[in-house]
>>> print(open('target_38.txt').read())   # compact mmCIF, C-alpha atoms
# COMPACT_ATOMS: atom_id res chain seq x y z
CA MET A 298 -70.71 110.02 254.99
CA HIS A 299 -66.98 110.41 255.52
CA GLU A 300 -67.52 110.61 259.28
CA LEU A 301 -67.92 106.81 259.35
CA SER A 302 -64.25 106.19 258.59
CA ILE A 303 -63.27 108.93 261.04
CA THR A 304 -65.38 107.28 263.74
CA GLN A 305 -63.77 103.89 263.06
CA ASN A 306 -60.35 105.53 263.44
CA ILE A 307 -61.33 107.13 266.75
CA LEU A 308 -62.54 103.78 268.07
CA GLU A 309 -59.37 102.00 266.91
CA ILE A 310 -57.14 104.64 268.56
CA ALA A 311 -59.11 104.58 271.82
CA LEU A 312 -59.17 100.77 272.04
CA ARG A 313 -55.45 100.51 271.32
CA HIS A 314 -54.50 103.00 274.04
CA ALA A 315 -56.96 101.45 276.51
CA GLU A 316 -55.50 98.01 275.93
CA GLN A 317 -51.97 99.30 276.49
CA ALA A 318 -53.15 100.68 279.84
CA GLY A 319 -54.90 97.43 280.75
CA ALA A 320 -58.25 99.20 281.01
CA ARG A 321 -61.55 97.39 281.61
CA GLU A 322 -63.72 100.14 280.24
CA ILE A 323 -63.43 103.42 278.33
CA LYS A 324 -65.59 106.07 280.01
CA GLY A 325 -64.81 109.10 277.91
CA ILE A 326 -62.85 110.32 274.88
CA ASP A 327 -61.62 113.87 274.35
CA ILE A 328 -61.56 114.84 270.68
CA LEU A 329 -60.28 118.05 269.15
CA ILE A 330 -61.92 119.19 265.91
CA GLY A 331 -60.76 122.34 264.14
CA ARG A 332 -63.39 124.28 262.23
CA TYR A 333 -61.34 123.95 259.02
CA SER A 334 -61.04 120.16 259.40
CA SER A 335 -64.30 119.48 257.51
CA PHE A 336 -65.79 117.04 260.03
CA VAL A 337 -69.06 117.22 261.91
CA ASP A 338 -69.33 116.00 265.49
CA ASP A 339 -73.05 115.12 265.35
CA SER A 340 -72.36 112.55 262.64
CA ILE A 341 -69.45 111.05 264.55
CA GLN A 342 -71.69 110.58 267.60
CA PHE A 343 -74.34 108.95 265.38
CA TYR A 344 -71.90 106.38 263.97
CA TRP A 345 -70.31 105.86 267.38
CA ASP A 346 -73.55 104.56 268.87
CA ILE A 347 -73.57 101.86 266.19
CA ILE A 348 -69.95 100.81 265.81
CA ALA A 349 -68.80 100.96 269.47
CA LYS A 350 -71.49 98.48 270.54
CA GLY A 351 -70.03 95.34 272.06
CA THR A 352 -66.63 96.91 272.76
CA ILE A 353 -65.26 98.24 276.05
CA ALA A 354 -65.94 101.70 274.63
CA GLU A 355 -69.66 101.28 274.07
CA ASN A 356 -70.63 103.53 276.96
CA ALA A 357 -67.88 106.08 276.36
CA VAL A 358 -68.97 109.70 276.24
CA LEU A 359 -67.44 111.60 273.33
CA HIS A 360 -66.32 115.08 274.39
CA PHE A 361 -65.81 117.27 271.34
CA GLN A 362 -63.79 120.40 271.67
CA ARG A 363 -64.33 122.57 268.62
CA VAL A 364 -61.32 124.70 267.79
CA PRO A 365 -62.13 128.03 266.12
CA VAL A 366 -60.09 129.20 263.16
CA GLU A 367 -57.28 131.53 264.06
CA PHE A 368 -55.26 133.69 261.66
CA THR A 369 -52.09 135.59 262.53
CA CYS A 370 -51.16 138.80 260.71
CA GLN A 371 -47.59 138.76 259.36
CA ASP A 372 -47.41 142.56 259.42
CA CYS A 373 -48.79 143.66 262.81
CA GLY A 374 -48.91 140.32 264.65
CA ALA A 375 -52.63 140.46 265.42
CA VAL A 376 -54.21 137.08 266.19
CA TYR A 377 -57.87 136.92 265.18
CA GLU A 378 -60.83 134.87 264.01
CA PRO A 379 -61.57 136.02 260.45
CA GLN A 380 -64.89 137.12 259.00
CA GLU A 381 -66.54 134.61 256.69
CA ASP A 382 -66.15 136.64 253.51
CA ASP A 383 -62.80 138.31 254.18
CA PHE A 384 -59.77 136.90 255.96
CA ALA A 385 -57.68 140.10 256.04
CA CYS A 386 -56.28 141.43 259.33
CA PRO A 387 -59.02 143.44 261.09
CA ARG A 388 -56.44 145.71 262.76
CA CYS A 389 -54.10 146.79 259.94
CA LEU A 390 -56.14 145.40 256.98
CA SER A 391 -53.10 143.51 255.66
CA PRO A 392 -53.76 140.45 253.47
CA ARG A 393 -50.36 139.03 254.49
CA VAL A 394 -51.77 136.53 256.95
CA ARG A 395 -51.38 132.88 257.98
CA VAL A 396 -53.78 130.25 259.30
CA THR A 397 -52.34 129.32 262.69
CA ARG A 398 -55.12 127.24 264.27
CA GLY A 399 -58.33 125.43 263.38
CA GLU A 400 -57.19 122.39 261.37
CA GLU A 401 -56.85 119.99 264.30
CA LEU A 402 -58.37 116.52 264.17
CA ARG A 403 -57.00 114.60 267.15
CA VAL A 404 -57.84 112.25 269.96
CA GLU A 405 -56.40 114.14 272.93
CA SER A 406 -57.04 111.73 275.78
CA ILE A 407 -59.22 108.92 277.04
CA GLU A 408 -60.70 108.33 280.45
CA VAL A 409 -60.59 104.67 281.45
CA GLU A 410 -61.54 102.35 284.29
CA THR A 411 -58.73 99.97 285.22
CA MET B 84 -60.07 103.14 289.44
CA SER B 85 -60.71 105.86 286.92
CA GLN B 86 -57.78 107.48 285.17
CA LYS B 87 -57.10 109.82 282.27
CA ILE B 88 -54.61 108.72 279.61
CA SER B 89 -52.99 111.19 277.25
CA VAL B 90 -53.28 110.07 273.61
CA VAL B 91 -52.62 113.05 271.29
CA GLU B 92 -52.95 111.09 268.06
CA ASN B 93 -54.07 112.41 264.69
CA ILE B 94 -57.34 110.71 263.80
CA LEU B 95 -56.19 110.29 260.20
CA SER B 96 -52.83 108.79 261.11
CA ALA B 97 -53.83 105.31 259.84
CA ASN B 98 -54.65 106.80 256.43
CA ASP B 99 -51.44 108.84 256.46
CA GLN B 100 -49.33 105.73 257.07
CA ILE B 101 -50.83 103.95 254.05
CA ALA B 102 -50.38 107.13 252.02
CA GLN B 103 -46.67 106.95 252.83
CA LYS B 104 -46.56 103.40 251.49
CA ASN B 105 -48.25 104.55 248.29
CA ARG B 106 -45.67 107.31 247.98
CA ALA B 107 -42.89 104.76 248.40
CA ALA B 108 -44.44 102.60 245.65
CA PHE B 109 -44.53 105.59 243.29
CA ASP B 110 -40.98 106.55 244.15
CA GLN B 111 -39.68 103.05 243.67
CA ALA B 112 -41.21 102.93 240.18
CA GLY B 113 -39.87 106.42 239.41
CA VAL B 114 -43.39 107.77 238.93
CA PHE B 115 -44.63 111.24 239.78
CA ALA B 116 -48.25 111.24 240.97
CA ILE B 117 -50.78 114.05 241.25
CA ASN B 118 -54.19 114.12 242.91
CA ILE B 119 -56.75 116.29 241.11
CA MET B 120 -59.66 117.57 243.16
CA ALA B 121 -62.59 119.79 242.26
CA SER B 122 -66.34 120.17 242.65
CA PRO B 123 -68.63 118.04 240.46
CA GLY B 124 -68.87 119.62 237.01
CA ALA B 125 -65.65 121.62 237.25
CA GLY B 126 -64.39 119.73 234.20
CA LYS B 127 -61.82 117.42 235.79
CA THR B 128 -62.03 114.66 233.18
CA THR B 129 -61.89 117.06 230.23
CA PHE B 130 -58.99 118.87 231.84
CA ILE B 131 -57.12 115.59 232.32
CA LEU B 132 -57.71 114.54 228.70
CA LYS B 133 -56.48 117.94 227.45
CA THR B 134 -53.48 117.70 229.75
CA MET B 135 -52.73 114.35 228.18
CA GLU B 136 -52.83 115.93 224.71
CA ALA B 137 -50.48 118.70 225.82
CA LEU B 138 -48.08 116.10 227.24
CA GLN B 139 -48.14 113.89 224.15
CA GLY B 140 -44.71 112.43 223.47
CA ARG B 141 -43.18 114.06 226.57
CA LEU B 142 -44.43 111.87 229.44
CA ARG B 143 -45.92 108.42 229.71
CA LEU B 144 -49.19 108.89 231.52
CA GLY B 145 -51.61 106.69 233.50
CA VAL B 146 -54.92 107.64 235.05
CA ILE B 147 -56.82 106.55 238.15
CA GLU B 148 -60.43 107.67 238.14
CA GLY B 149 -62.26 107.96 241.43
CA ASP B 150 -66.01 108.15 241.39
CA VAL B 151 -68.99 107.33 243.56
CA ALA B 152 -70.22 104.81 240.95
CA GLY B 153 -69.83 103.91 237.29
CA SER B 154 -66.85 103.75 234.96
CA ILE B 155 -67.58 106.46 232.37
CA ASP B 156 -64.47 108.52 233.15
CA ALA B 157 -62.08 105.56 233.03
CA GLU B 158 -63.63 104.51 229.71
CA LYS B 159 -63.01 108.00 228.31
CA ALA B 160 -59.39 107.84 229.41
CA ALA B 161 -58.96 104.32 228.04
CA ALA B 162 -60.54 105.41 224.74
CA ALA B 163 -57.87 108.11 224.57
CA GLY B 164 -55.25 105.38 224.81
CA LEU B 165 -54.27 105.77 228.46
CA PRO B 166 -53.74 102.98 230.97
CA ALA B 167 -56.72 103.71 233.21
CA VAL B 168 -58.16 102.26 236.40
CA GLN B 169 -61.55 103.04 237.88
CA ILE B 170 -62.09 103.18 241.64
CA ASN B 171 -65.71 103.19 242.77
CA THR B 172 -65.94 104.44 246.31
CA GLY B 173 -69.40 102.92 246.81
CA GLY B 174 -70.90 106.16 248.04
CA ASP B 175 -67.90 107.54 249.87
CA CYS B 176 -67.28 111.20 249.04
CA HIS B 177 -63.50 110.99 248.65
CA LEU B 178 -60.70 108.62 247.77
CA ASP B 179 -58.52 107.46 250.61
CA ALA B 180 -55.08 105.89 250.76
CA VAL B 181 -56.42 102.33 251.04
CA MET B 182 -58.54 102.65 247.89
CA LEU B 183 -55.53 104.01 245.99
CA SER B 184 -53.31 101.28 247.35
CA ASN B 185 -55.76 98.63 246.08
CA ALA B 186 -55.86 100.23 242.64
CA LEU B 187 -52.11 100.60 242.11
CA PRO B 188 -51.36 96.99 241.05
CA ALA B 189 -53.66 97.46 238.05
CA LEU B 190 -51.35 100.10 236.55
CA PRO B 191 -48.01 99.32 234.84
CA LEU B 192 -46.15 101.79 237.08
CA ASP B 193 -42.72 100.81 235.76
CA GLN B 194 -43.72 101.97 232.31
CA LEU B 195 -45.10 105.33 233.39
CA ASP B 196 -43.70 108.77 234.26
CA LEU B 197 -46.85 110.40 235.59
CA VAL B 198 -50.01 109.11 237.26
CA ILE B 199 -52.98 111.43 237.46
CA VAL B 200 -55.53 110.52 240.13
CA GLU B 201 -58.94 112.06 239.59
CA ASN B 202 -60.58 112.34 243.00
CA VAL B 203 -64.33 112.27 243.65
CA GLY B 204 -66.01 115.58 242.80
CA ASN B 205 -66.34 117.29 246.17
CA LEU B 206 -64.95 120.42 247.80
CA ILE B 207 -65.23 119.34 251.41
CA CYS B 208 -63.14 116.39 252.44
CA PRO B 209 -60.81 114.99 249.73
CA ALA B 210 -58.01 117.29 250.87
CA SER B 211 -58.14 115.77 254.37
CA PHE B 212 -57.31 112.28 253.10
CA ALA B 213 -53.73 112.07 251.91
CA LEU B 214 -53.25 109.57 249.08
CA GLY B 215 -49.48 109.58 248.86
CA THR B 216 -49.36 111.58 245.64
CA HIS B 217 -46.58 114.15 245.24
CA LEU B 218 -48.87 117.01 244.42
CA ASN B 219 -52.44 117.97 245.29
CA VAL B 220 -54.10 120.05 242.60
CA LEU B 221 -57.42 121.88 242.84
CA ILE B 222 -59.44 122.91 239.80
CA ALA B 223 -61.69 125.90 240.46
CA SER B 224 -63.95 126.67 237.50
CA ILE B 225 -65.17 130.19 236.82
CA PRO B 226 -68.94 129.43 236.91
CA GLU B 227 -68.63 128.14 240.50
CA GLY B 228 -68.15 131.73 241.65
CA ASP B 229 -65.43 133.85 243.22
CA ASP B 230 -66.44 133.08 246.82
CA LYS B 231 -65.30 129.46 246.89
CA PRO B 232 -62.01 130.01 248.79
CA TYR B 233 -64.06 131.64 251.54
CA LYS B 234 -66.64 128.84 251.63
CA TYR B 235 -64.30 125.85 251.30
CA PRO B 236 -61.09 127.04 252.97
CA GLY B 237 -59.94 123.53 253.89
CA MET B 238 -59.73 122.59 250.24
CA TYR B 239 -57.66 125.64 249.31
CA ARG B 240 -55.33 124.98 252.26
CA GLY B 241 -54.55 121.42 251.20
CA VAL B 242 -53.22 121.92 247.65
CA GLN B 243 -49.87 122.78 246.04
CA ALA B 244 -51.23 123.99 242.69
CA LEU B 245 -54.45 125.69 241.59
CA ILE B 246 -56.02 125.53 238.14
CA ILE B 247 -58.54 128.31 237.44
CA SER B 248 -60.52 126.69 234.64
CA LYS B 249 -63.15 127.70 232.06
CA ILE B 250 -61.64 131.18 231.80
CA ASP B 251 -63.29 131.46 228.37
CA LEU B 252 -66.50 132.07 230.37
CA LEU B 253 -65.17 135.16 232.16
CA PRO B 254 -66.97 137.62 229.81
CA TYR B 255 -70.32 135.95 230.54
CA VAL B 256 -70.39 135.46 234.31
CA THR B 257 -69.82 137.65 237.35
CA PHE B 258 -66.48 136.64 238.78
CA ASP B 259 -64.26 139.07 240.68
CA MET B 260 -60.80 137.61 240.03
CA ASP B 261 -59.09 139.93 242.52
CA TYR B 262 -61.47 138.90 245.32
CA PHE B 263 -61.00 135.22 244.45
CA ARG B 264 -57.21 135.43 244.29
CA ARG B 265 -57.02 137.45 247.49
CA GLY B 266 -58.87 134.72 249.38
CA VAL B 267 -56.59 132.06 247.92
CA GLU B 268 -53.45 134.01 248.79
CA MET B 269 -54.53 134.48 252.41
CA LEU B 270 -55.25 130.76 252.84
CA ASN B 271 -52.29 129.44 250.89
CA PRO B 272 -49.61 132.11 250.35
CA GLY B 273 -47.62 131.81 247.13
CA LEU B 274 -49.79 129.00 245.71
CA VAL B 275 -48.81 128.41 242.07
CA THR B 276 -51.83 129.14 239.85
CA PHE B 277 -52.69 128.41 236.21
CA PRO B 278 -55.65 130.14 234.55
CA VAL B 279 -56.74 127.84 231.71
CA SER B 280 -59.47 127.01 229.26
CA ALA B 281 -59.54 123.34 228.27
CA LYS B 282 -61.98 124.37 225.53
CA THR B 283 -59.84 126.98 223.75
CA GLY B 284 -56.53 125.54 224.95
CA GLU B 285 -55.48 128.83 226.52
CA GLY B 286 -53.02 128.32 229.39
CA MET B 287 -52.80 124.55 228.91
CA GLN B 288 -49.25 124.67 227.56
CA ALA B 289 -47.95 126.65 230.55
CA TRP B 290 -49.51 124.09 232.90
CA ALA B 291 -48.12 121.14 230.90
CA ASP B 292 -44.63 122.68 230.78
CA TRP B 293 -44.68 123.25 234.53
CA LEU B 294 -45.81 119.67 235.11
CA VAL B 295 -43.04 118.25 232.90
CA GLU B 296 -40.54 120.34 234.85
CA LYS B 297 -41.95 118.99 238.15
CA VAL B 298 -41.76 115.38 236.96
CA HIS B 299 -38.19 115.73 235.73
CA SER B 300 -36.92 117.58 238.79
CA LYS B 301 -38.38 115.00 241.15
>>> encode(input="target_38.txt", output="structure tokens")
Amino acid sequence: MHELSITQNILEIALRHAEQAGAREIKGIDILIGRYSSFVDDSIQFYWDIIAKGTIAENAVLHFQRVPVEFTCQDCGAVYEPQEDDFACPRCLSPRVRVTRGEELRVESIEVET
Amino acid sequence: MSQKISVVENILSANDQIAQKNRAAFDQAGVFAINIMASPGAGKTTFILKTMEALQGRLRLGVIEGDVAGSIDAEKAAAAGLPAVQINTGGDCHLDAVMLSNALPALPLDQLDLVIVENVGNLICPASFALGTHLNVLIASIPEGDDKPYKYPGMYRGVQALIISKIDLLPYVTFDMDYFRRGVEMLNPGLVTFPVSAKTGEGMQAWADWLVEKVHSK
């Protein structure tokens, strides 16, 4: 359900940037979604087909780039994707770790026809 | 002619901007605000009512209740003598900054020290939608199981305090506290944590004292 408001935001961002560029049509939108961001790209596409109708973005193709989760070990510096049931460093087993990637939720770029 | 335009804009930036306005409204009124999140059935409303008891005479409290439908929680809070506002999200699974902004005029902010916002019961998305509160708090209740940090990492990332509730049930359910706390620590290092039982009252005073300290040091 919450993907509806996300989709509206994506449309608003894309239209605003397209207008600034004087574009006639938006052909594509590049979107970054981190795995920890709690959003699902299938649902966004579903809402898109409804809410983008009648705008210059109605034929835009949504390109989703899913960003995997990345942890960095504070002890040995290893950068890794954690297991689902344990986030500890796989190299030195330290629990002193930080999430360093995977929470992104951004519109990266749009492809327009001017 | 086809061309690519760089955008690099956070999809939630519109929400974040309204959240900043909410924060400014709280600050102007000298109010500290907290956003309480948890799964359905974790005991959010009971916890809030017990928190109110523990704060009696120390802070002037108001409550904003978020729910998918109905007004039972706000009625409970009002029955306990609190200024209370109900927000029905109409099916949405979280509160957002606009909903909070619309609810704020219904509270006498100038006469309050602390506003507790009870978010919709859900462990997936409420943490993604900033409200403008000063503190995000997650309640994790013992019967939910010790694996929740591993299953809902986004939620544990987005909070500044953790309540481990219903600890009176620890003798009756399988819950590996070390495993739970280890997951929390790896997602959110140094997160301040309060084990409590709203039923027996255990731990509630420590939480209330900490909250009073937070409000006064704001």
>>> closest_atom_pairs(input="target_38.txt", of="chain A", to="chain B", cutoff="7 Å", atoms="only C-alpha atoms", output="Markdown table")
| residue | atom | partner | partner_atom | distance |
| --- | --- | --- | --- | --- |
| A:Met298 | CA | B:Asp175 | CA | 6.3 |
| A:His299 | CA | B:Asp175 | CA | 6.4 |
| A:Ile303 | CA | B:Ile94 | CA | 6.8 |
| A:Asn306 | CA | B:Ile94 | CA | 6.0 |
| A:Ile307 | CA | B:Ile94 | CA | 6.1 |
| A:Tyr333 | CA | B:Gly237 | CA | 5.3 |
| A:Ser334 | CA | B:Gly237 | CA | 6.6 |
| A:Ser335 | CA | B:Cys208 | CA | 6.0 |
| A:Glu381 | CA | B:Tyr233 | CA | 6.4 |
| A:Asp382 | CA | B:Tyr233 | CA | 5.8 |
| A:Phe384 | CA | B:Met269 | CA | 6.8 |
| A:Pro392 | CA | B:Met269 | CA | 6.1 |
| A:Arg393 | CA | B:Met269 | CA | 6.5 |
| A:Val394 | CA | B:Met269 | CA | 5.7 |
| A:Arg395 | CA | B:Met269 | CA | 6.6 |
| A:Val396 | CA | B:Leu270 | CA | 6.6 |
| A:Leu402 | CA | B:Ile94 | CA | 5.9 |
| A:Arg403 | CA | B:Asn93 | CA | 4.4 |
| A:Val404 | CA | B:Glu92 | CA | 5.4 |
| A:Glu405 | CA | B:Val91 | CA | 4.3 |
| A:Ser406 | CA | B:Ser89 | CA | 4.3 |
| A:Ile407 | CA | B:Ile88 | CA | 5.3 |
| A:Glu408 | CA | B:Lys87 | CA | 4.3 |
| A:Val409 | CA | B:Gln86 | CA | 5.4 |
| A:Glu410 | CA | B:Ser85 | CA | 4.5 |
| A:Thr411 | CA | B:Met84 | CA | 5.4 |
>>> closest_residue(input="target_38.txt", among="A:Gln362, A:Gln317, A:Thr304, A:Thr397", to="Ile330 in chain A", atoms="all atoms listed in the file")
A:Gln362
>>> atom_distance(input="target_38.txt", atom1="CA of Glu136 in chain B", atom2="CA of Gly215 in chain B")
25.2 Å
>>> closest_residue(input="target_38.txt", among="A:Leu308, A:Cys386, A:Cys373, A:Leu301", to="Gly351 in chain A", atoms="all atoms listed in the file")
A:Leu308
>>> residues_around(input="target_38.txt", residues="Pro387 in chain A", least_positions_apart="5", cutoff="10 Å", atoms="only C-alpha atoms", output="list of chain:residue names")
A:Cys370, A:Ala375, A:Val376, A:Tyr377, A:Glu378, A:Pro379, A:Gln380, A:Pro392
>>> write_last_selection(input="target_38.txt", atoms="C-alpha atoms", output="short mmCIF file (atom, residue, chain, number, x, y, z; two decimals), in the coordinates of the input")
data_model
loop_
_atom_site.label_atom_id
_atom_site.label_comp_id
_atom_site.auth_asym_id
_atom_site.auth_seq_id
_atom_site.Cartn_x
_atom_site.Cartn_y
_atom_site.Cartn_z
CA CYS A 370 -51.16 138.80 260.71
CA ALA A 375 -52.63 140.46 265.42
CA VAL A 376 -54.21 137.08 266.19
CA TYR A 377 -57.87 136.92 265.18
CA GLU A 378 -60.83 134.87 264.01
CA PRO A 379 -61.57 136.02 260.45
CA GLN A 380 -64.89 137.12 259.00
CA PRO A 392 -53.76 140.45 253.47
#
>>> residues_around(input="target_38.txt", residues="His299 in chain B", least_positions_apart="2", cutoff="12 Å", atoms="only C-alpha atoms", output="short mmCIF file (atom, residue, chain, number, x, y, z; two decimals) with C-alpha atoms, keeping the file's coordinate frame")
data_model
loop_
_atom_site.label_atom_id
_atom_site.label_comp_id
_atom_site.auth_asym_id
_atom_site.auth_seq_id
_atom_site.Cartn_x
_atom_site.Cartn_y
_atom_site.Cartn_z
CA GLY B 113 -39.87 106.42 239.41
CA VAL B 114 -43.39 107.77 238.93
CA PHE B 115 -44.63 111.24 239.78
CA ARG B 141 -43.18 114.06 226.57
CA LEU B 142 -44.43 111.87 229.44
CA ASP B 196 -43.70 108.77 234.26
CA LEU B 197 -46.85 110.40 235.59
CA ASP B 292 -44.63 122.68 230.78
CA TRP B 293 -44.68 123.25 234.53
CA LEU B 294 -45.81 119.67 235.11
CA VAL B 295 -43.04 118.25 232.90
CA GLU B 296 -40.54 120.34 234.85
CA LYS B 297 -41.95 118.99 238.15
CA LYS B 301 -38.38 115.00 241.15
#
>>> closest_residue(input="target_38.txt", among="B:Ser224, B:Gln111, B:Ser280, B:Ser300", to="Asp251 in chain B", atoms="only C-alpha atoms")
B:Ser280
>>> atom_distance(input="target_38.txt", atom1="CA of Gln169 in chain B", atom2="CA of Ala291 in chain B")
23.6 Å
>>> residues_around(input="target_38.txt", residues="Lys104 in chain B", least_positions_apart="3", cutoff="9 Å", atoms="all atoms listed in the file", output="list in words")
Asp99, Gln100, Ile101, Ala107, Ala108, Phe109, Ala180, Ser184 and Gly215 of chain B
>>> atom_distance(input="target_38.txt", atom1="CA of Val200 in chain B", atom2="CA of Gly145 in chain B")
8.6 Å
